[in-house]
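Engineer: One structure is given below, represented as C-alpha cells, and several questions about it will come after.
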Amino acid sequence: MKYLEEFRDPHLAQKLLSGIATVTTKPWVIMEVCGGQTHAIIRNGIDQLLPRQIELVHGPGCPVCVTPLEMIDRALAIASREEVIFTSFGDMLRVPGSEKDLFMVKSEGGDVRMVYSPLDAVKLARENPNRQVVFFAVGFETTAPLTAMAVWQAKQQGLDNFTMLVAHVLVPPAMTALLSSSENRVQAFLAAGHVCTVMGWEEYLPISERYRVPIIVTGFEPVDILEGIFMAVQQLEQGRAEVENQYRRVVKREGNRPAQELIRRVFQVGSRKWRGIGEFPQSGLSLRPEFEEYDAEKRFDTESINVEEPPECISGLILQGLKKPHECDQFGKRCTPQSPMGATMVSSEGACAAYYNYHRHQDDRVES
Amino acid sequence: MKKSMKPEQLTCPLPITEHDAIQLSHGAGGKMMNELISKLFVWAFDNPALSKQDDQAVVEIGDQKLSFTTDSFVVDPIFFPGGDIGDLAINGTINDICMNGARPFCLSAGLIIEEGFPLKDLERIVLSMKRAADKAGVTIVTGDTKVVNKGNADKIFINTAGIGLIEHNHDISSCNLKPGDVVIISGTVADHGIAVMSQREGLSFDTPIQSDTVALNTLVEAIVKAAGGDVHAMRDPTRGGLAATLNEFARASEVGIKIREDLIPVKPAVTGACEILGLDPLYVANEGKLVAVVAKQKADSVLKAMQGHELGRDAVVIGEIDSDRPGMVSMMTRIGGQRIVDMPVGEQLPRIC
C-alpha cells in the first residue's frame, strides 16, 4: 500500500466509471465542495468520462477564491510597511487586490515571503525581533489548526512581533447557504476530505437530514473522486440522503479532536464576508479576545479599508455553482491567469484557472 | 514564437502586460518571460539568429557554423543534493550549446560575488566548475570577477557563455517539428527542481532526491549519430519544465503535440515530494534531461542509441506530433481523460536555476 498509485489506477477508475454508467438513469447535479477536488477532476479529465446525465458543479471550497477583496487590500497595506515581514501561502501572492498583488508589493521593496507552514512565520518572528512578522491566515478548517498552533506558540514564547491577518472560513455554513438559496441546483455533495480529516463528519448529519441531500466525504485522487460520485449517484437513484465516508483511510467520524480543541481555544466562530458571495453569519473564524494582541488588523489599523468587487466578475456565481467558468464573457479574454479579474482565475484551486489551464480549448471547440 | 512582424509591434512595446516593474515571474520561463523577450529584447535587437528564439544562436564565420549561447545562474541554495551552482553553470551552458547537435568547444565564466562570501565556498564552487568542464571535454578560456557590496547580491551569481562547432548539415531547431514525429524524453523529469526545493524546505526522504545536473553533449552526439537529419529538434527542459519546452516547440513549429501521462517517467520520491509541495512535475525544472523530436522511422534506432548511453538509460517515447490544433500541447491522463498542458504563466518555484 503506497496510498498514491493505487488511487490513480486506470483499471479501478474504469471499473468505477462503468459502475456509475450502469446505475445512472436520470440527470443529477453533484457539487464537489473543495477546490482541490475541482482541480483533480479537471486535471484528470474525469468530467469528460462521466455519463452525460451527471453534471459536476464546482463549489466554494477554494480559500484563496473566497477571501474578500478588502482583505487582500488590507494584506497589501500591511505588506507595504517597512517594518513588516509579510508571510503567506504561495497561492495568495498572485491574488489581485484592487490595484496590485503581493508579488508587486514585493517588487516595490516589500518584504513578502512564501512559507509552507505558519510555524515558519513564528520562527521568522523569533529570529527577527526588530521586525513585525505577519502571517496571512487563509483557509478552511484544514489550515485552522496550523494557524491556531502558530498563535498558541507565539503566546507561549512571549513573541510580541508576530500577528496574523485572519480570513478563515467554514464549510458547513457555506453548504447550508447554498442549499437554502431559491436558485440551488445541487442534489448531492462530495464533501472536502481534508476538512473532514480535522472536523470529522458528524456536523454534516443535520445538513443531509434537513435538506434531504446525500453528502459523501471524498478524497482527492481520481479513484477517490470516482468512488465518491458512484456513492452519491447510488444514493440519489435509490432516493436515500445520508452522510457516507469514501475517504475512510484518512477521515474518522469524530475527526481530529486535539486539532478541534486547539481551534476552539484560539478562535471563535463569527460572521465573515466571502468574496463574490457576501457576508453571512457564523461562517468564519476570528481570534478570541484573549489572543487579540495577535490580530494584525488591530495592530496595523486596517479595519477601515473597505472595497467593492468589480461588477463584471462572476466569481461569486461560479463559487455558488450557478455558472460555469466558460459561461463568463470575460473568460479567457480580459480574464486569464496572467491578468486575473477574480480570484477563481488566480488560485491553482480556482475553478476558472482549472478550466483555463486544462480545458480551455475543448470548450472553444464545443462553442464554435 | 514570432514568425512575422506585425505593425503594432513597431510601436514602443512598454508597458508589457499590466506591470510597470519587473516581477519574479518575468524570469520564470513561462508566458510572462516569453512576452518580455519577444516584446522588448527581440524587438530591440531584432536579427534572424535571435528571432528563432532557440536556446542557442547559430552564427557563421567564413565556412564555420558556430553555436553560441549564454546563461546566468542564481540558484538558491548554492549547494544542493547532487550538485552546486558551479557545475550547474557549466552543464547548463554546455547543454544549451549542444542541443542543435554542436560540439561544445570553449566557455567563459563571469562571477558576481557578494562581499563577505567565504573563500572556501568559492574554492568549492570553482573546483566543481573545473570538474564539470573536464568531464565534458570543454575548457574555460576566459572570465571576469566582480565583487559587490554586502546585500547587493545573494552570495554568488555566475554567468557562463560558450561556443560550439556545428559539424553537420542538419537543421535541428524548435521550428522544425513535423506531424508524425515522435517525442522522446531521456529520463525521469523534475529531479533538479525537487532536489533544490526539498533542500530549501528542509524535506528529507528515505532515498534523497538528487539534482540531475549533467552535461548532455555525449548523449546528443549519440542521437545525431543514430538519427542523422531525422532528429528535428532537441531541448533541455529547464525552467518551466517539460511543459514549457513542449509548448515552445508546438508554437515555434505550429504543430500540435500529444503526450501520454502514463508514459512520462517520474521517480516515486519526486512524485511524493510534488504532492507535499503542491507542484506539477511537468512544470518543474530539469538540468540533465533532453527532449528529442525524431522522425517516426528513426524512433527505434534513436531510442536504442539513447538507452545504450549512461545518460539516456530511461529514455522513452512519451508522445507524437500532429497537425491538429497547432501550437497546443494536450495529454491523455492516466485514467483516459484529456487535458491541455498549457505554458506556465510565471513562477512555480522561485529561483531554481
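For the C-alpha cells, the naming scheme is as follows: chains receive sequential letters (A, B, ...) according to their order of presentation, residues are indexed from 1 within each chain, and ligands are indexed from 1 in presentation order.
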Give me, as a PyMOL selection string, all polymer residues having an atom no more than 12 Å from Gln238 (chain A), counting only C-alpha atoms and skipping those fewer than 4 positions away in the same chain.
Structural biologist: chain A and resi 23-26+214+231-234+242
Engineer: Can I get the selected residues back with C-alpha atoms, as a PDB file, in the first residue's frame?
Structural biologist:
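New file selection-v9.pdb:
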```
ATOM      1  CA  VAL A  23     -26.595   2.929 -12.027  1.00  0.00           C
ATOM      2  CA  THR A  24     -27.350   6.310 -13.634  1.00  0.00           C
ATOM      3  CA  THR A  25     -30.881   6.520 -15.035  1.00  0.00           C
ATOM      4  CA  LYS A  26     -31.596  10.258 -14.816  1.00  0.00           C
ATOM      5  CA  PRO A 214     -26.562  12.908   0.069  1.00  0.00           C
ATOM      6  CA  MET A 231     -21.715   6.525  -3.934  1.00  0.00           C
ATOM      7  CA  ALA A 232     -23.590   9.807  -4.496  1.00  0.00           C
ATOM      8  CA  VAL A 233     -25.354   8.544  -7.626  1.00  0.00           C
ATOM      9  CA  GLN A 234     -26.340   5.303  -5.881  1.00  0.00           C
ATOM     10  CA  GLU A 242     -27.168  10.045   4.038  1.00  0.00           C
TER      11      GLU A 242
END
```
Engineer: Quick check for you: according to DSSP on this backbone, which residues of region 132-309 of chain A are classed as strand (DSSP E)? Reply as a PyMOL selection string.
Structural biologist: chain A and resi 132-139+162-168+188-192+215-218+243-245+267-274+278-287
Engineer: Give me a file of those residues, with N, CA and C atoms, as a compact mmCIF listing (two decimals), in the first residue's frame.
Structural biologist:
```txt
# COMPACT_ATOMS: atom_id res chain seq x y z
N GLN A 132 8.30 43.23 12.42
CA GLN A 132 6.96 42.72 12.68
C GLN A 132 6.67 41.62 11.66
N VAL A 133 6.44 40.40 12.12
CA VAL A 133 6.14 39.31 11.20
C VAL A 133 4.64 39.04 11.20
N VAL A 134 4.05 39.09 10.00
CA VAL A 134 2.60 38.91 9.87
C VAL A 134 2.35 37.69 9.00
N PHE A 135 1.43 36.82 9.43
CA PHE A 135 1.04 35.67 8.60
C PHE A 135 -0.38 35.86 8.12
N PHE A 136 -0.59 35.58 6.83
CA PHE A 136 -1.92 35.72 6.22
C PHE A 136 -2.65 34.40 6.39
N ALA A 137 -3.53 34.34 7.41
CA ALA A 137 -4.17 33.07 7.77
C ALA A 137 -5.45 32.88 6.97
N VAL A 138 -5.31 32.22 5.82
CA VAL A 138 -6.48 31.92 5.00
C VAL A 138 -6.76 30.43 5.08
N GLY A 139 -7.93 30.04 4.65
CA GLY A 139 -8.23 28.61 4.55
C GLY A 139 -9.44 28.21 5.37
N PHE A 162 4.71 39.08 16.43
CA PHE A 162 4.04 38.17 15.50
C PHE A 162 2.54 38.45 15.52
N THR A 163 1.95 38.63 14.36
CA THR A 163 0.49 38.78 14.28
C THR A 163 -0.03 38.02 13.06
N MET A 164 -1.36 37.85 13.02
CA MET A 164 -1.97 37.16 11.88
C MET A 164 -3.12 37.98 11.33
N LEU A 165 -3.20 37.98 10.00
CA LEU A 165 -4.36 38.56 9.34
C LEU A 165 -5.30 37.38 9.08
N VAL A 166 -6.38 37.32 9.85
CA VAL A 166 -7.20 36.11 9.85
C VAL A 166 -8.36 36.22 8.86
N ALA A 167 -8.43 35.26 7.93
CA ALA A 167 -9.54 35.22 6.98
C ALA A 167 -10.08 33.79 6.87
N HIS A 168 -10.10 33.09 7.99
CA HIS A 168 -10.57 31.69 7.97
C HIS A 168 -12.08 31.61 7.75
N ALA A 188 -26.48 16.65 -4.61
CA ALA A 188 -25.62 15.85 -3.73
C ALA A 188 -24.26 16.55 -3.63
N PHE A 189 -23.57 16.30 -2.51
CA PHE A 189 -22.26 16.91 -2.31
C PHE A 189 -21.17 15.85 -2.19
N LEU A 190 -20.00 16.15 -2.77
CA LEU A 190 -18.78 15.48 -2.35
C LEU A 190 -18.15 16.41 -1.33
N ALA A 191 -18.16 16.03 -0.05
CA ALA A 191 -17.60 16.90 0.98
C ALA A 191 -16.08 16.83 0.93
N ALA A 192 -15.44 17.89 1.43
CA ALA A 192 -13.99 18.02 1.31
C ALA A 192 -13.27 17.11 2.31
N ILE A 215 -24.45 13.37 1.19
CA ILE A 215 -23.14 14.01 1.35
C ILE A 215 -22.09 12.90 1.48
N ILE A 216 -21.15 12.89 0.55
CA ILE A 216 -20.12 11.85 0.57
C ILE A 216 -18.78 12.50 0.88
N VAL A 217 -18.19 12.15 2.01
CA VAL A 217 -16.85 12.64 2.35
C VAL A 217 -15.87 11.97 1.38
N THR A 218 -15.17 12.80 0.58
CA THR A 218 -14.42 12.25 -0.57
C THR A 218 -12.97 12.73 -0.57
N VAL A 243 -25.08 10.69 5.06
CA VAL A 243 -23.67 11.05 5.03
C VAL A 243 -22.87 9.75 4.96
N GLU A 244 -22.03 9.63 3.95
CA GLU A 244 -21.19 8.44 3.83
C GLU A 244 -19.73 8.88 3.72
N ASN A 245 -18.84 7.98 4.12
CA ASN A 245 -17.42 8.33 4.13
C ASN A 245 -16.65 7.49 3.11
N PHE A 267 -9.67 30.39 18.41
CA PHE A 267 -10.61 31.12 17.54
C PHE A 267 -12.03 31.08 18.08
N GLN A 268 -12.83 32.05 17.62
CA GLN A 268 -14.27 32.00 17.87
C GLN A 268 -15.00 32.09 16.53
N VAL A 269 -16.18 31.49 16.48
CA VAL A 269 -16.97 31.49 15.24
C VAL A 269 -17.74 32.80 15.15
N GLY A 270 -17.72 33.39 13.96
CA GLY A 270 -18.48 34.63 13.79
C GLY A 270 -18.78 34.87 12.33
N SER A 271 -19.36 36.02 12.08
CA SER A 271 -19.76 36.35 10.72
C SER A 271 -18.52 36.66 9.86
N ARG A 272 -18.56 36.29 8.58
CA ARG A 272 -17.44 36.59 7.67
C ARG A 272 -17.97 36.93 6.29
N LYS A 273 -17.20 37.79 5.62
CA LYS A 273 -17.54 38.13 4.25
C LYS A 273 -16.83 37.15 3.33
N TRP A 274 -17.52 36.65 2.28
CA TRP A 274 -16.93 35.75 1.29
C TRP A 274 -16.86 36.49 -0.03
N GLY A 278 -20.75 37.42 -0.40
CA GLY A 278 -21.22 38.37 0.60
C GLY A 278 -21.00 37.85 2.01
N GLU A 279 -21.57 38.61 2.96
CA GLU A 279 -21.33 38.27 4.36
C GLU A 279 -22.43 37.34 4.85
N PHE A 280 -22.06 36.27 5.55
CA PHE A 280 -23.12 35.54 6.24
C PHE A 280 -22.65 35.05 7.61
N PRO A 281 -23.66 34.89 8.52
CA PRO A 281 -23.34 34.68 9.93
C PRO A 281 -22.70 33.33 10.20
N GLN A 282 -21.93 33.27 11.25
CA GLN A 282 -21.35 32.00 11.75
C GLN A 282 -20.53 31.27 10.68
N SER A 283 -19.96 32.01 9.74
CA SER A 283 -19.32 31.35 8.60
C SER A 283 -17.80 31.46 8.62
N GLY A 284 -17.23 32.03 9.68
CA GLY A 284 -15.78 32.15 9.70
C GLY A 284 -15.23 32.16 11.12
N LEU A 285 -13.91 32.26 11.19
CA LEU A 285 -13.23 32.27 12.48
C LEU A 285 -12.50 33.59 12.67
N SER A 286 -12.51 34.07 13.93
CA SER A 286 -11.63 35.18 14.27
C SER A 286 -10.98 34.89 15.62
N LEU A 287 -9.95 35.63 15.96
CA LEU A 287 -9.21 35.35 17.19
C LEU A 287 -10.08 35.66 18.41
```
Engineer: Pick out the chain A residues within 7 Å of chain B. Count only C-alpha atoms. Give them as a VMD selection string.
Structural biologist: chain A and resid 10 13 43 to 46 48 to 49 103 to 104 107 338 357 to 359
Engineer: From the list B:Asp87, B:Asp236, B:Asp324, B:Asp230, which residue is nearest Leu127 (chain B) when using only C-alpha atoms?
Structural biologist: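 Answer, going by the shortest atom-to-atom distance: B:Asp87.
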Engineer: What is the CA of Leu236 (chain A)-CA of Gly316 (chain A) distance in Å, reported with one decimal?
Structural biologist: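 Distance reported for this atom pair: 27.1 Å.
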Engineer: Residues of region 83-210 of chain B classed as helix (DSSP H, G or I) by DSSP on the backbone are to be reported as a ChimeraX atom specification.
Structural biologist: /B:85-98,119-136,174-176,191-201
Engineer: Using C-alpha atoms, can you export the residues from the last selection as a PDB file, in the first residue's frame?
Structural biologist:
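Final file, part.pdb:
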```pdb
ATOM      1  CA  ILE B  85      25.862  26.448  -8.626  1.00  0.00           C
ATOM      2  CA  GLY B  86      29.308  25.724 -10.164  1.00  0.00           C
ATOM      3  CA  ASP B  87      28.671  22.508 -12.066  1.00  0.00           C
ATOM      4  CA  LEU B  88      25.147  23.742 -12.833  1.00  0.00           C
ATOM      5  CA  ALA B  89      26.623  26.816 -14.572  1.00  0.00           C
ATOM      6  CA  ILE B  90      28.946  24.687 -16.703  1.00  0.00           C
ATOM      7  CA  ASN B  91      26.489  21.910 -17.544  1.00  0.00           C
ATOM      8  CA  GLY B  92      23.638  24.336 -18.274  1.00  0.00           C
ATOM      9  CA  THR B  93      25.602  26.266 -20.867  1.00  0.00           C
ATOM     10  CA  ILE B  94      27.096  23.150 -22.460  1.00  0.00           C
ATOM     11  CA  ASN B  95      23.576  21.762 -22.804  1.00  0.00           C
ATOM     12  CA  ASP B  96      22.306  24.931 -24.451  1.00  0.00           C
ATOM     13  CA  ILE B  97      25.239  24.913 -26.894  1.00  0.00           C
ATOM     14  CA  CYS B  98      24.810  21.307 -27.953  1.00  0.00           C
ATOM     15  CA  LEU B 119      36.621  31.793   0.244  1.00  0.00           C
ATOM     16  CA  LYS B 120      36.345  28.072   0.954  1.00  0.00           C
ATOM     17  CA  ASP B 121      32.853  28.071  -0.614  1.00  0.00           C
ATOM     18  CA  LEU B 122      34.224  29.904  -3.647  1.00  0.00           C
ATOM     19  CA  GLU B 123      37.010  27.312  -3.972  1.00  0.00           C
ATOM     20  CA  ARG B 124      34.483  24.513  -3.738  1.00  0.00           C
ATOM     21  CA  ILE B 125      32.381  26.090  -6.491  1.00  0.00           C
ATOM     22  CA  VAL B 126      35.360  26.749  -8.773  1.00  0.00           C
ATOM     23  CA  LEU B 127      36.653  23.187  -8.387  1.00  0.00           C
ATOM     24  CA  SER B 128      33.200  21.902  -9.167  1.00  0.00           C
ATOM     25  CA  MET B 129      33.178  24.048 -12.347  1.00  0.00           C
ATOM     26  CA  LYS B 130      36.566  22.642 -13.291  1.00  0.00           C
ATOM     27  CA  ARG B 131      35.442  19.040 -12.766  1.00  0.00           C
ATOM     28  CA  ALA B 132      32.269  19.562 -14.822  1.00  0.00           C
ATOM     29  CA  ALA B 133      34.199  21.203 -17.664  1.00  0.00           C
ATOM     30  CA  ASP B 134      36.843  18.443 -17.697  1.00  0.00           C
ATOM     31  CA  LYS B 135      34.187  15.754 -17.721  1.00  0.00           C
ATOM     32  CA  ALA B 136      32.501  17.338 -20.744  1.00  0.00           C
ATOM     33  CA  SER B 174      12.475  24.093 -32.436  1.00  0.00           C
ATOM     34  CA  CYS B 175      10.950  25.367 -35.716  1.00  0.00           C
ATOM     35  CA  ASN B 176      11.495  22.002 -37.395  1.00  0.00           C
ATOM     36  CA  ASP B 191      14.582  15.759 -10.290  1.00  0.00           C
ATOM     37  CA  HIS B 192      16.554  19.025 -10.214  1.00  0.00           C
ATOM     38  CA  GLY B 193      13.736  21.341  -9.173  1.00  0.00           C
ATOM     39  CA  ILE B 194      12.592  18.995  -6.440  1.00  0.00           C
ATOM     40  CA  ALA B 195      16.149  18.434  -5.133  1.00  0.00           C
ATOM     41  CA  VAL B 196      16.603  22.205  -4.786  1.00  0.00           C
ATOM     42  CA  MET B 197      13.136  22.781  -3.372  1.00  0.00           C
ATOM     43  CA  SER B 198      13.432  19.931  -0.836  1.00  0.00           C
ATOM     44  CA  GLN B 199      16.723  21.385   0.373  1.00  0.00           C
ATOM     45  CA  ARG B 200      15.122  24.804   0.692  1.00  0.00           C
ATOM     46  CA  GLU B 201      12.109  23.498   2.589  1.00  0.00           C
TER      47      GLU B 201
END
```
Engineer: Using only C-alpha atoms, which residues sit within 12 Å of Glu32 (chain A) once same-chain residues fewer than 5 positions away are excluded, as JSON, numbers by chain?
Structural biologist: {"A": [37, 38, 39, 40, 41, 42, 47, 55, 56, 57, 58, 59, 60, 61, 62, 171, 175, 186, 187, 188, 189, 190, 191, 192, 193, 215, 216, 217, 218, 219, 220, 225, 226, 228, 229, 232, 319, 320, 321, 351]}
Engineer: Keeping only C-alpha atoms, write those residues as an mmCIF file, in the first residue's frame.
Structural biologist:
```
data_model
loop_
_atom_site.group_PDB
_atom_site.id
_atom_site.type_symbol
_atom_site.label_atom_id
_atom_site.label_comp_id
_atom_site.auth_asym_id
_atom_site.auth_seq_id
_atom_site.Cartn_x
_atom_site.Cartn_y
_atom_site.Cartn_z
ATOM 1 C CA GLN A 37 -11.204 18.209 -5.920
ATOM 2 C CA THR A 38 -12.156 20.569 -8.759
ATOM 3 C CA HIS A 39 -8.573 20.555 -9.909
ATOM 4 C CA ALA A 40 -8.248 16.777 -9.684
ATOM 5 C CA ILE A 41 -11.463 16.424 -11.734
ATOM 6 C CA ILE A 42 -10.344 18.760 -14.494
ATOM 7 C CA ASP A 47 -15.866 15.152 -16.050
ATOM 8 C CA GLU A 55 -23.240 17.265 -14.058
ATOM 9 C CA LEU A 56 -20.458 18.272 -11.709
ATOM 10 C CA VAL A 57 -20.605 21.819 -10.362
ATOM 11 C CA HIS A 58 -17.705 23.389 -8.602
ATOM 12 C CA GLY A 59 -18.134 24.525 -5.035
ATOM 13 C CA PRO A 60 -16.883 27.370 -2.860
ATOM 14 C CA GLY A 61 -14.079 25.394 -1.216
ATOM 15 C CA CYS A 62 -11.149 27.385 -2.509
ATOM 16 C CA VAL A 171 -17.505 24.765 5.117
ATOM 17 C CA MET A 175 -23.187 24.431 2.181
ATOM 18 C CA VAL A 186 -27.179 20.922 -6.177
ATOM 19 C CA GLN A 187 -28.628 17.481 -5.400
ATOM 20 C CA ALA A 188 -25.616 15.855 -3.728
ATOM 21 C CA PHE A 189 -22.255 16.908 -2.315
ATOM 22 C CA LEU A 190 -18.780 15.475 -2.354
ATOM 23 C CA ALA A 191 -17.602 16.904 0.982
ATOM 24 C CA ALA A 192 -13.987 18.016 1.311
ATOM 25 C CA GLY A 193 -11.884 15.148 2.647
ATOM 26 C CA ILE A 215 -23.143 14.008 1.351
ATOM 27 C CA ILE A 216 -20.117 11.849 0.568
ATOM 28 C CA VAL A 217 -16.848 12.638 2.353
ATOM 29 C CA THR A 218 -14.418 12.250 -0.566
ATOM 30 C CA GLY A 219 -10.671 12.189 -1.141
ATOM 31 C CA PHE A 220 -8.604 13.823 -3.861
ATOM 32 C CA ILE A 225 -13.454 11.094 -6.656
ATOM 33 C CA LEU A 226 -14.972 8.474 -8.936
ATOM 34 C CA GLY A 228 -17.433 9.424 -4.245
ATOM 35 C CA ILE A 229 -19.504 10.137 -7.367
ATOM 36 C CA ALA A 232 -23.590 9.807 -4.496
ATOM 37 C CA LEU A 319 -18.363 29.758 -6.381
ATOM 38 C CA GLN A 320 -22.040 29.005 -5.816
ATOM 39 C CA GLY A 321 -22.142 26.573 -8.725
ATOM 40 C CA ALA A 351 -12.478 26.704 -10.994
#
```
Engineer: Using only C-alpha atoms, which residue out of B:Arg251, B:His309, B:Lys298, B:Arg239 lies closest to Gly27 (chain B)?
Structural biologist: B:Arg239
Engineer: Give me, as a ChimeraX atom specification, all polymer residues having an atom no more than 9 Å from Lys146 (chain B), counting only C-alpha atoms and skipping those fewer than 2 positions away in the same chain.
Structural biologist: /B:110-114,144,148
Engineer: Generate a file of the selected residues that holds N, CA and C atoms, formatted as a PDB file, in the first residue's frame.
Structural biologist:
```pdb
ATOM      1  N   GLY B 110      31.714  34.355 -15.790  1.00  0.00           N
ATOM      2  CA  GLY B 110      31.704  35.644 -15.093  1.00  0.00           C
ATOM      3  C   GLY B 110      31.088  35.454 -13.721  1.00  0.00           C
ATOM      4  N   LEU B 111      31.825  35.875 -12.672  1.00  0.00           N
ATOM      5  CA  LEU B 111      31.331  35.668 -11.309  1.00  0.00           C
ATOM      6  C   LEU B 111      30.991  37.000 -10.655  1.00  0.00           C
ATOM      7  N   ILE B 112      29.804  37.102 -10.095  1.00  0.00           N
ATOM      8  CA  ILE B 112      29.441  38.269  -9.287  1.00  0.00           C
ATOM      9  C   ILE B 112      29.322  37.778  -7.854  1.00  0.00           C
ATOM     10  N   ILE B 113      30.221  38.264  -6.995  1.00  0.00           N
ATOM     11  CA  ILE B 113      30.329  37.707  -5.647  1.00  0.00           C
ATOM     12  C   ILE B 113      29.977  38.779  -4.622  1.00  0.00           C
ATOM     13  N   GLU B 114      29.217  38.383  -3.615  1.00  0.00           N
ATOM     14  CA  GLU B 114      28.841  39.319  -2.556  1.00  0.00           C
ATOM     15  C   GLU B 114      29.996  39.447  -1.565  1.00  0.00           C
ATOM     16  N   ASP B 144      35.598  36.676 -15.749  1.00  0.00           N
ATOM     17  CA  ASP B 144      35.514  38.008 -15.176  1.00  0.00           C
ATOM     18  C   ASP B 144      35.074  37.868 -13.719  1.00  0.00           C
ATOM     19  N   VAL B 148      30.484  42.763  -5.193  1.00  0.00           N
ATOM     20  CA  VAL B 148      29.547  43.856  -4.898  1.00  0.00           C
ATOM     21  C   VAL B 148      29.350  43.969  -3.391  1.00  0.00           C
TER      22      VAL B 148
END
```
Engineer: Skipping near chain neighbours, those fewer than 5 positions away, what residues fall within 12 Å of Glu60 (chain B) using only C-alpha atoms, listed as a count of residues only?
Structural biologist: 10
